[in-house]
$ cat input_7.txt   # compact mmCIF, N, CA and C atoms and all ligand atoms
# COMPACT_ATOMS: atom_id res chain seq x y z
N MET A 1 -90.61 66.12 -109.79
CA MET A 1 -91.68 65.44 -109.09
C MET A 1 -92.88 66.36 -108.92
N THR A 2 -94.04 65.80 -108.96
CA THR A 2 -95.24 66.59 -108.73
C THR A 2 -95.44 66.71 -107.23
N SER A 3 -96.31 67.61 -106.83
CA SER A 3 -96.57 67.74 -105.40
C SER A 3 -97.25 66.50 -104.85
N LEU A 4 -98.04 65.79 -105.69
CA LEU A 4 -98.67 64.56 -105.22
C LEU A 4 -97.62 63.49 -104.92
N SER A 5 -96.64 63.33 -105.80
CA SER A 5 -95.61 62.32 -105.53
C SER A 5 -94.74 62.73 -104.35
N ASN A 6 -94.52 64.04 -104.16
CA ASN A 6 -93.78 64.49 -102.97
C ASN A 6 -94.53 64.12 -101.70
N GLU A 7 -95.84 64.31 -101.72
CA GLU A 7 -96.65 63.99 -100.55
C GLU A 7 -96.61 62.49 -100.26
N ILE A 8 -96.69 61.68 -101.33
CA ILE A 8 -96.65 60.23 -101.16
C ILE A 8 -95.30 59.82 -100.59
N SER A 9 -94.20 60.39 -101.10
CA SER A 9 -92.87 60.05 -100.59
C SER A 9 -92.73 60.44 -99.13
N ARG A 10 -93.22 61.63 -98.78
CA ARG A 10 -93.13 62.08 -97.39
C ARG A 10 -93.91 61.14 -96.47
N ARG A 11 -95.09 60.73 -96.90
CA ARG A 11 -95.89 59.81 -96.07
C ARG A 11 -95.22 58.45 -95.93
N SER A 12 -94.60 57.99 -97.01
CA SER A 12 -93.90 56.70 -96.95
C SER A 12 -92.76 56.77 -95.96
N ALA A 13 -92.01 57.89 -96.00
CA ALA A 13 -90.89 58.04 -95.07
C ALA A 13 -91.39 58.08 -93.63
N LEU A 14 -92.49 58.79 -93.37
CA LEU A 14 -93.04 58.86 -92.02
C LEU A 14 -93.49 57.49 -91.54
N THR A 15 -94.12 56.73 -92.42
CA THR A 15 -94.58 55.39 -92.06
C THR A 15 -93.40 54.50 -91.72
N ALA A 16 -92.34 54.57 -92.54
CA ALA A 16 -91.15 53.75 -92.29
C ALA A 16 -90.52 54.12 -90.96
N THR A 17 -90.43 55.44 -90.68
CA THR A 17 -89.84 55.89 -89.42
C THR A 17 -90.67 55.40 -88.24
N THR A 18 -91.98 55.51 -88.34
CA THR A 18 -92.85 55.06 -87.26
C THR A 18 -92.68 53.57 -87.01
N ALA A 19 -92.56 52.79 -88.08
CA ALA A 19 -92.39 51.34 -87.92
C ALA A 19 -91.10 51.03 -87.19
N VAL A 20 -90.00 51.74 -87.52
CA VAL A 20 -88.71 51.49 -86.86
C VAL A 20 -88.79 51.88 -85.40
N VAL A 21 -89.36 53.05 -85.11
CA VAL A 21 -89.47 53.50 -83.72
C VAL A 21 -90.34 52.53 -82.94
N GLY A 22 -91.45 52.11 -83.51
CA GLY A 22 -92.34 51.18 -82.83
C GLY A 22 -91.64 49.88 -82.50
N THR A 23 -90.84 49.36 -83.41
CA THR A 23 -90.11 48.13 -83.17
C THR A 23 -89.12 48.32 -82.03
N GLY A 24 -88.45 49.47 -82.01
CA GLY A 24 -87.49 49.74 -80.94
C GLY A 24 -88.14 49.77 -79.58
N LEU A 25 -89.32 50.38 -79.50
CA LEU A 25 -90.03 50.44 -78.22
C LEU A 25 -90.44 49.05 -77.76
N LEU A 26 -90.90 48.23 -78.68
CA LEU A 26 -91.29 46.87 -78.30
C LEU A 26 -90.10 46.11 -77.76
N ALA A 27 -88.95 46.26 -78.41
CA ALA A 27 -87.76 45.54 -77.96
C ALA A 27 -87.34 46.03 -76.58
N ALA A 28 -87.46 47.34 -76.31
CA ALA A 28 -87.03 47.88 -75.03
C ALA A 28 -87.98 47.48 -73.90
N CYS A 29 -89.27 47.40 -74.17
CA CYS A 29 -90.23 47.12 -73.11
C CYS A 29 -90.50 45.63 -72.94
N GLY A 30 -90.15 44.84 -73.92
CA GLY A 30 -90.40 43.42 -73.81
C GLY A 30 -91.88 43.14 -73.87
N GLY A 31 -92.36 42.25 -73.06
CA GLY A 31 -93.77 41.98 -73.03
C GLY A 31 -94.08 40.51 -73.27
N GLY A 32 -93.16 39.75 -73.79
CA GLY A 32 -93.41 38.34 -74.01
C GLY A 32 -92.67 37.49 -73.01
N ASP A 33 -92.86 36.19 -73.11
CA ASP A 33 -92.17 35.28 -72.20
C ASP A 33 -90.66 35.39 -72.35
N ASP A 34 -90.17 35.58 -73.59
CA ASP A 34 -88.73 35.71 -73.79
C ASP A 34 -88.18 36.93 -73.06
N ALA A 35 -88.95 38.00 -73.01
CA ALA A 35 -88.48 39.23 -72.39
C ALA A 35 -88.30 39.07 -70.89
N THR A 36 -89.07 38.21 -70.25
CA THR A 36 -88.99 38.08 -68.81
C THR A 36 -88.18 36.85 -68.37
N ALA A 37 -87.70 36.06 -69.32
CA ALA A 37 -86.91 34.89 -68.98
C ALA A 37 -85.56 35.33 -68.40
N ALA A 38 -85.13 34.66 -67.33
CA ALA A 38 -83.87 35.01 -66.69
C ALA A 38 -82.70 34.51 -67.53
N LYS A 39 -81.71 35.40 -67.74
CA LYS A 39 -80.49 35.02 -68.44
C LYS A 39 -79.58 34.27 -67.49
N LYS A 40 -78.83 33.31 -67.99
CA LYS A 40 -77.80 32.65 -67.19
C LYS A 40 -76.59 33.58 -67.14
N VAL A 41 -75.99 33.72 -65.97
CA VAL A 41 -74.83 34.59 -65.83
C VAL A 41 -73.72 33.89 -65.07
N ASP A 42 -72.52 34.37 -65.28
CA ASP A 42 -71.33 33.95 -64.54
C ASP A 42 -70.43 35.17 -64.53
N ILE A 43 -70.65 36.03 -63.53
CA ILE A 43 -69.99 37.34 -63.54
C ILE A 43 -69.36 37.64 -62.19
N SER A 44 -68.50 38.64 -62.19
CA SER A 44 -67.88 39.13 -60.97
C SER A 44 -68.28 40.59 -60.77
N VAL A 45 -68.68 40.92 -59.55
CA VAL A 45 -69.12 42.28 -59.21
C VAL A 45 -68.27 42.76 -58.05
N ASP A 46 -67.79 44.00 -58.10
CA ASP A 46 -67.07 44.57 -56.96
C ASP A 46 -68.03 44.72 -55.79
N ALA A 47 -67.69 44.12 -54.65
CA ALA A 47 -68.56 44.22 -53.47
C ALA A 47 -68.75 45.68 -53.06
N SER A 48 -67.77 46.51 -53.35
CA SER A 48 -67.87 47.93 -52.96
C SER A 48 -68.98 48.65 -53.73
N ASN A 49 -69.46 48.07 -54.81
CA ASN A 49 -70.57 48.67 -55.58
C ASN A 49 -71.93 48.38 -54.96
N VAL A 50 -71.96 47.53 -53.93
CA VAL A 50 -73.24 47.08 -53.36
C VAL A 50 -73.36 47.62 -51.93
N PRO A 51 -74.05 48.74 -51.73
CA PRO A 51 -74.15 49.32 -50.38
C PRO A 51 -75.03 48.49 -49.45
N VAL A 52 -74.73 48.56 -48.16
CA VAL A 52 -75.60 47.93 -47.16
C VAL A 52 -76.97 48.63 -47.21
N GLY A 53 -78.04 47.83 -47.27
CA GLY A 53 -79.38 48.41 -47.36
C GLY A 53 -79.70 48.94 -48.75
N GLY A 54 -78.91 48.53 -49.71
CA GLY A 54 -79.16 48.98 -51.09
C GLY A 54 -78.76 47.90 -52.06
N GLY A 55 -78.41 48.31 -53.26
CA GLY A 55 -78.05 47.31 -54.25
C GLY A 55 -77.38 47.91 -55.46
N PHE A 56 -76.99 47.03 -56.36
CA PHE A 56 -76.30 47.40 -57.59
C PHE A 56 -77.02 46.70 -58.74
N ILE A 57 -77.37 47.47 -59.75
CA ILE A 57 -78.06 46.90 -60.92
C ILE A 57 -77.07 46.84 -62.08
N ASP A 58 -76.80 45.64 -62.56
CA ASP A 58 -75.94 45.42 -63.73
C ASP A 58 -76.88 45.18 -64.91
N ARG A 59 -77.17 46.25 -65.64
CA ARG A 59 -78.14 46.15 -66.75
C ARG A 59 -77.59 45.31 -67.90
N THR A 60 -76.29 45.32 -68.09
CA THR A 60 -75.70 44.56 -69.19
C THR A 60 -75.97 43.07 -69.00
N ASN A 61 -75.83 42.61 -67.76
CA ASN A 61 -76.01 41.18 -67.48
C ASN A 61 -77.37 40.85 -66.88
N SER A 62 -78.23 41.87 -66.75
CA SER A 62 -79.60 41.69 -66.21
C SER A 62 -79.58 41.06 -64.83
N VAL A 63 -78.76 41.65 -63.95
CA VAL A 63 -78.63 41.15 -62.58
C VAL A 63 -78.76 42.32 -61.61
N VAL A 64 -79.43 42.08 -60.48
CA VAL A 64 -79.43 43.04 -59.38
C VAL A 64 -78.86 42.33 -58.16
N VAL A 65 -77.86 42.97 -57.52
CA VAL A 65 -77.22 42.41 -56.33
C VAL A 65 -77.58 43.32 -55.16
N THR A 66 -78.03 42.73 -54.05
CA THR A 66 -78.39 43.52 -52.88
C THR A 66 -77.55 43.09 -51.68
N GLN A 67 -77.51 43.97 -50.67
CA GLN A 67 -76.85 43.65 -49.40
C GLN A 67 -77.80 44.10 -48.28
N PRO A 68 -78.83 43.27 -48.01
CA PRO A 68 -79.84 43.66 -47.01
C PRO A 68 -79.25 43.92 -45.63
N THR A 69 -78.27 43.12 -45.23
CA THR A 69 -77.56 43.36 -43.97
C THR A 69 -76.07 43.22 -44.26
N LYS A 70 -75.25 43.86 -43.45
CA LYS A 70 -73.81 43.91 -43.71
C LYS A 70 -73.22 42.51 -43.92
N GLY A 71 -72.61 42.31 -45.06
CA GLY A 71 -71.93 41.06 -45.36
C GLY A 71 -72.83 39.97 -45.93
N SER A 72 -74.14 40.23 -46.03
CA SER A 72 -75.08 39.26 -46.58
C SER A 72 -75.54 39.75 -47.96
N TYR A 73 -75.12 39.06 -48.99
CA TYR A 73 -75.41 39.48 -50.36
C TYR A 73 -76.45 38.54 -50.99
N LYS A 74 -77.32 39.14 -51.79
CA LYS A 74 -78.32 38.39 -52.55
C LYS A 74 -78.27 38.88 -53.99
N ALA A 75 -78.63 37.99 -54.92
CA ALA A 75 -78.66 38.41 -56.33
C ALA A 75 -79.89 37.81 -57.01
N PHE A 76 -80.42 38.58 -57.94
CA PHE A 76 -81.63 38.19 -58.66
C PHE A 76 -81.52 38.65 -60.11
N SER A 77 -82.37 38.09 -60.94
CA SER A 77 -82.54 38.65 -62.27
C SER A 77 -83.10 40.06 -62.10
N SER A 78 -82.61 41.00 -62.89
CA SER A 78 -83.12 42.38 -62.82
C SER A 78 -84.24 42.62 -63.82
N VAL A 79 -84.68 41.54 -64.48
CA VAL A 79 -85.75 41.67 -65.48
C VAL A 79 -87.09 41.46 -64.78
N CYS A 80 -87.91 42.50 -64.80
CA CYS A 80 -89.20 42.44 -64.12
C CYS A 80 -90.10 41.40 -64.79
N PRO A 81 -90.70 40.50 -64.00
CA PRO A 81 -91.56 39.47 -64.58
C PRO A 81 -92.89 40.01 -65.10
N HIS A 82 -93.18 41.29 -64.88
CA HIS A 82 -94.43 41.84 -65.38
C HIS A 82 -94.37 41.98 -66.90
N GLN A 83 -93.53 42.88 -67.40
CA GLN A 83 -93.44 43.06 -68.86
C GLN A 83 -92.01 43.18 -69.35
N GLY A 84 -91.05 42.83 -68.50
CA GLY A 84 -89.68 42.73 -69.00
C GLY A 84 -88.81 43.95 -68.87
N CYS A 85 -89.24 45.00 -68.19
CA CYS A 85 -88.35 46.14 -67.94
C CYS A 85 -87.25 45.70 -66.98
N GLN A 86 -86.13 46.40 -67.00
CA GLN A 86 -85.11 46.21 -65.97
C GLN A 86 -85.59 46.96 -64.72
N VAL A 87 -85.40 46.37 -63.54
CA VAL A 87 -85.72 47.11 -62.33
C VAL A 87 -84.86 48.37 -62.31
N GLY A 88 -85.36 49.41 -61.64
CA GLY A 88 -84.69 50.70 -61.75
C GLY A 88 -84.12 51.27 -60.48
N GLN A 89 -84.43 50.65 -59.33
CA GLN A 89 -84.03 51.27 -58.07
C GLN A 89 -83.98 50.21 -56.99
N VAL A 90 -83.04 50.35 -56.05
CA VAL A 90 -82.99 49.45 -54.89
C VAL A 90 -82.94 50.32 -53.64
N THR A 91 -83.90 50.10 -52.76
CA THR A 91 -83.90 50.81 -51.47
C THR A 91 -83.78 49.75 -50.37
N GLU A 92 -83.75 50.19 -49.12
CA GLU A 92 -83.68 49.25 -48.01
C GLU A 92 -84.92 48.36 -47.97
N GLU A 93 -86.05 48.91 -48.42
CA GLU A 93 -87.32 48.17 -48.34
C GLU A 93 -87.65 47.39 -49.60
N ALA A 94 -87.14 47.81 -50.76
CA ALA A 94 -87.62 47.17 -51.99
C ALA A 94 -86.68 47.36 -53.18
N ILE A 95 -86.74 46.36 -54.06
CA ILE A 95 -86.23 46.50 -55.42
C ILE A 95 -87.43 46.98 -56.22
N VAL A 96 -87.30 48.10 -56.92
CA VAL A 96 -88.46 48.73 -57.55
C VAL A 96 -88.31 48.71 -59.07
N CYS A 97 -89.37 48.27 -59.73
CA CYS A 97 -89.45 48.41 -61.18
C CYS A 97 -90.19 49.71 -61.45
N THR A 98 -89.51 50.66 -62.04
CA THR A 98 -90.11 51.98 -62.22
C THR A 98 -91.04 52.04 -63.43
N CYS A 99 -91.10 50.98 -64.23
CA CYS A 99 -92.01 50.99 -65.39
C CYS A 99 -93.47 51.10 -64.94
N HIS A 100 -93.88 50.21 -64.02
CA HIS A 100 -95.28 50.23 -63.58
C HIS A 100 -95.39 50.10 -62.07
N GLY A 101 -94.27 50.17 -61.35
CA GLY A 101 -94.31 50.23 -59.90
C GLY A 101 -94.26 48.93 -59.13
N SER A 102 -93.95 47.82 -59.77
CA SER A 102 -93.83 46.57 -59.00
C SER A 102 -92.67 46.69 -58.02
N ARG A 103 -92.83 46.01 -56.88
CA ARG A 103 -91.81 46.05 -55.83
C ARG A 103 -91.48 44.62 -55.40
N PHE A 104 -90.22 44.41 -55.09
CA PHE A 104 -89.73 43.08 -54.75
C PHE A 104 -88.90 43.16 -53.47
N ASP A 105 -88.96 42.09 -52.67
CA ASP A 105 -88.20 42.04 -51.41
C ASP A 105 -86.70 41.90 -51.74
N PRO A 106 -85.85 42.81 -51.22
CA PRO A 106 -84.42 42.72 -51.52
C PRO A 106 -83.71 41.53 -50.87
N LYS A 107 -84.40 40.85 -49.92
CA LYS A 107 -83.80 39.66 -49.29
C LYS A 107 -84.14 38.39 -50.04
N THR A 108 -85.34 38.34 -50.64
CA THR A 108 -85.82 37.10 -51.25
C THR A 108 -86.16 37.22 -52.74
N GLY A 109 -86.36 38.43 -53.21
CA GLY A 109 -86.82 38.64 -54.59
C GLY A 109 -88.32 38.47 -54.75
N ASP A 110 -89.01 38.10 -53.66
CA ASP A 110 -90.47 37.90 -53.75
C ASP A 110 -91.17 39.21 -54.09
N VAL A 111 -92.26 39.10 -54.87
CA VAL A 111 -93.02 40.29 -55.20
C VAL A 111 -93.78 40.76 -53.95
N THR A 112 -93.71 42.07 -53.66
CA THR A 112 -94.44 42.63 -52.51
C THR A 112 -95.53 43.59 -52.96
N ALA A 113 -95.45 44.04 -54.23
CA ALA A 113 -96.51 44.89 -54.80
C ALA A 113 -96.49 44.72 -56.31
N GLY A 114 -97.69 44.58 -56.89
CA GLY A 114 -97.83 44.37 -58.33
C GLY A 114 -97.71 45.66 -59.10
N PRO A 115 -97.92 45.53 -60.39
CA PRO A 115 -98.67 44.50 -61.11
C PRO A 115 -97.93 43.17 -61.35
N ALA A 116 -96.64 43.07 -61.10
CA ALA A 116 -95.98 41.78 -61.28
C ALA A 116 -96.65 40.75 -60.37
N GLU A 117 -96.78 39.53 -60.86
CA GLU A 117 -97.42 38.47 -60.07
C GLU A 117 -96.41 37.46 -59.55
N LYS A 118 -95.17 37.55 -60.08
CA LYS A 118 -94.12 36.62 -59.67
C LYS A 118 -92.93 37.43 -59.17
N GLY A 119 -92.07 36.78 -58.39
CA GLY A 119 -90.87 37.43 -57.90
C GLY A 119 -89.74 37.38 -58.91
N LEU A 120 -88.60 37.95 -58.51
CA LEU A 120 -87.40 37.95 -59.35
C LEU A 120 -86.65 36.64 -59.12
N PRO A 121 -86.32 35.89 -60.17
CA PRO A 121 -85.57 34.65 -60.00
C PRO A 121 -84.22 34.89 -59.32
N ALA A 122 -83.90 34.04 -58.35
CA ALA A 122 -82.67 34.19 -57.58
C ALA A 122 -81.45 33.68 -58.34
N LYS A 123 -80.32 34.27 -58.04
CA LYS A 123 -78.99 33.83 -58.51
C LYS A 123 -78.19 33.42 -57.29
N GLN A 124 -77.08 32.75 -57.50
CA GLN A 124 -76.18 32.40 -56.41
C GLN A 124 -75.09 33.48 -56.31
N VAL A 125 -74.69 33.78 -55.06
CA VAL A 125 -73.62 34.75 -54.83
C VAL A 125 -72.58 34.12 -53.92
N ALA A 126 -71.31 34.17 -54.33
CA ALA A 126 -70.21 33.72 -53.49
C ALA A 126 -69.26 34.90 -53.29
N VAL A 127 -68.92 35.17 -52.03
CA VAL A 127 -67.99 36.25 -51.72
C VAL A 127 -66.58 35.72 -51.90
N GLN A 128 -65.80 36.42 -52.73
CA GLN A 128 -64.41 36.04 -52.98
C GLN A 128 -63.55 37.28 -52.76
N GLY A 129 -63.19 37.51 -51.49
CA GLY A 129 -62.44 38.73 -51.16
C GLY A 129 -63.30 39.94 -51.38
N ALA A 130 -62.82 40.86 -52.23
CA ALA A 130 -63.56 42.09 -52.51
C ALA A 130 -64.52 41.93 -53.68
N LYS A 131 -64.60 40.72 -54.20
CA LYS A 131 -65.46 40.47 -55.35
C LYS A 131 -66.63 39.55 -54.96
N LEU A 132 -67.70 39.69 -55.72
CA LEU A 132 -68.85 38.80 -55.58
C LEU A 132 -68.98 38.03 -56.87
N HIS A 133 -68.97 36.71 -56.76
CA HIS A 133 -69.14 35.85 -57.94
C HIS A 133 -70.62 35.49 -58.03
N VAL A 134 -71.27 35.94 -59.09
CA VAL A 134 -72.71 35.73 -59.27
C VAL A 134 -72.93 34.75 -60.41
N THR A 135 -73.68 33.69 -60.11
CA THR A 135 -73.96 32.68 -61.13
C THR A 135 -75.45 32.29 -61.08
N GLY A 136 -75.83 31.62 -62.12
CA GLY A 136 -77.19 31.07 -62.16
C GLY A 136 -78.08 31.77 -63.15
FE1 LIG B 1 -92.08 46.00 -64.17
FE2 LIG B 1 -94.37 46.47 -65.40
S1 LIG B 1 -92.49 45.83 -66.28
S2 LIG B 1 -93.90 46.68 -63.28
$ encode --input "input_7.txt" --output "structure tokens" --more "lines below"
Ligand code: FES
Amino acid sequence: MTSLSNEISRRSALTATTAVVGTGLLAACGGGDDATAAKKVDISVDASNVPVGGGFIDRTNSVVVTQPTKGSYKAFSSVCPHQGCQVGQVTEEAIVCTCHGSRFDPKTGDVTAGPAEKGLPAKQVAVQGAKLHVTG
């Protein structure tokens, strides 16, 4: 091979790699209506995973379960309505999306700070002994 064809091959490989990485980032960050649409779930969560004044994020099923007061459980989609990131943290005051800082009420899922303009869609929670049955 000549050095010119080597350079062309190297550039082609870099372009292909960039395209794959770019596609991966788009899939991870979402950004469209599909990315922020709530998934239907029918799952069981150990109640012991959900602390009082905190929460549990199930990234596989895109669900966040909170326990704002002892024995009172709430569940929401964990997909941020801003651009589709999974929420990253639950505190006593807020469910926080760490992508751009949106905050949601852990009792209602309502947005309390943007850039998100909508709250987290609610799920139903039924306590079944030591398990929480989350649907919706
Ligand atoms: Fe959550 Fe932007 S995706 S704040």
$ residues_around --input "input_7.txt" --residues "range 93-102 of chain A" --least-positions-apart "6" --cutoff "5 Å" --atoms "all atoms listed in the file" --output "list in words"
Val87, Ala113, Gly114, Pro115 and Ala116 of chain A
$ write_last_selection --input "input_7.txt" --atoms "N, CA and C atoms" --output "PDB file, in the frame of the given file"
ATOM      1  N   VAL A  87     -85.400  46.370 -63.540  1.00  0.00           N
ATOM      2  CA  VAL A  87     -85.720  47.110 -62.330  1.00  0.00           C
ATOM      3  C   VAL A  87     -84.860  48.370 -62.310  1.00  0.00           C
ATOM      4  N   ALA A 113     -95.450  44.040 -54.230  1.00  0.00           N
ATOM      5  CA  ALA A 113     -96.510  44.890 -54.800  1.00  0.00           C
ATOM      6  C   ALA A 113     -96.490  44.720 -56.310  1.00  0.00           C
ATOM      7  N   GLY A 114     -97.690  44.580 -56.890  1.00  0.00           N
ATOM      8  CA  GLY A 114     -97.830  44.370 -58.330  1.00  0.00           C
ATOM      9  C   GLY A 114     -97.710  45.660 -59.100  1.00  0.00           C
ATOM     10  N   PRO A 115     -97.920  45.530 -60.390  1.00  0.00           N
ATOM     11  CA  PRO A 115     -98.670  44.500 -61.110  1.00  0.00           C
ATOM     12  C   PRO A 115     -97.930  43.170 -61.350  1.00  0.00           C
ATOM     13  N   ALA A 116     -96.640  43.070 -61.100  1.00  0.00           N
ATOM     14  CA  ALA A 116     -95.980  41.780 -61.280  1.00  0.00           C
ATOM     15  C   ALA A 116     -96.650  40.750 -60.370  1.00  0.00           C
TER      16      ALA A 116
END
$ closest_residue --input "input_7.txt" --among "A:Gln83, A:Gln67, A:Ser72, A:Thr135" --to "ligand LIG 1 (chain B)" --atoms "all atoms listed in the file"
A:Gln83
$ residues_near_point --input "input_7.txt" --point "(-73.2, 34.0, -56.1)" --cutoff "8 Å" --atoms "only C-alpha atoms" --output "compact mmCIF listing (two decimals) with N, CA and C atoms, keeping the file's coordinate frame"
# COMPACT_ATOMS: atom_id res chain seq x y z
N LYS A 74 -77.32 39.14 -51.79
CA LYS A 74 -78.32 38.39 -52.55
C LYS A 74 -78.27 38.88 -53.99
N ALA A 75 -78.63 37.99 -54.92
CA ALA A 75 -78.66 38.41 -56.33
C ALA A 75 -79.89 37.81 -57.01
N LYS A 123 -80.32 34.27 -58.04
CA LYS A 123 -78.99 33.83 -58.51
C LYS A 123 -78.19 33.42 -57.29
N GLN A 124 -77.08 32.75 -57.50
CA GLN A 124 -76.18 32.40 -56.41
C GLN A 124 -75.09 33.48 -56.31
N VAL A 125 -74.69 33.78 -55.06
CA VAL A 125 -73.62 34.75 -54.83
C VAL A 125 -72.58 34.12 -53.92
N ALA A 126 -71.31 34.17 -54.33
CA ALA A 126 -70.21 33.72 -53.49
C ALA A 126 -69.26 34.90 -53.29
N VAL A 127 -68.92 35.17 -52.03
CA VAL A 127 -67.99 36.25 -51.72
C VAL A 127 -66.58 35.72 -51.90
N LEU A 132 -67.70 39.69 -55.72
CA LEU A 132 -68.85 38.80 -55.58
C LEU A 132 -68.98 38.03 -56.87
N HIS A 133 -68.97 36.71 -56.76
CA HIS A 133 -69.14 35.85 -57.94
C HIS A 133 -70.62 35.49 -58.03
N VAL A 134 -71.27 35.94 -59.09
CA VAL A 134 -72.71 35.73 -59.27
C VAL A 134 -72.93 34.75 -60.41
N THR A 135 -73.68 33.69 -60.11
CA THR A 135 -73.96 32.68 -61.13
C THR A 135 -75.45 32.29 -61.08
N GLY A 136 -75.83 31.62 -62.12
CA GLY A 136 -77.19 31.07 -62.16
C GLY A 136 -78.08 31.77 -63.15
$ closest_residue --input "input_7.txt" --among "A:Thr69, A:Asn49, A:Ser62, A:Thr108" --to "Gln86 in chain A" --atoms "all atoms listed in the file"
A:Ser62
$ closest_residue --input "input_7.txt" --among "A:Ile57, A:Ile43, A:Val90, A:Cys85" --to "ligand LIG 1 (chain B)" --atoms "only N, CA and C atoms and all ligand atoms"
A:Cys85
$ atom_distance --input "input_7.txt" --atom1 "atom N of Ala130 in chain A" --atom2 "atom N of Asp42 in chain A"
17.5 Å
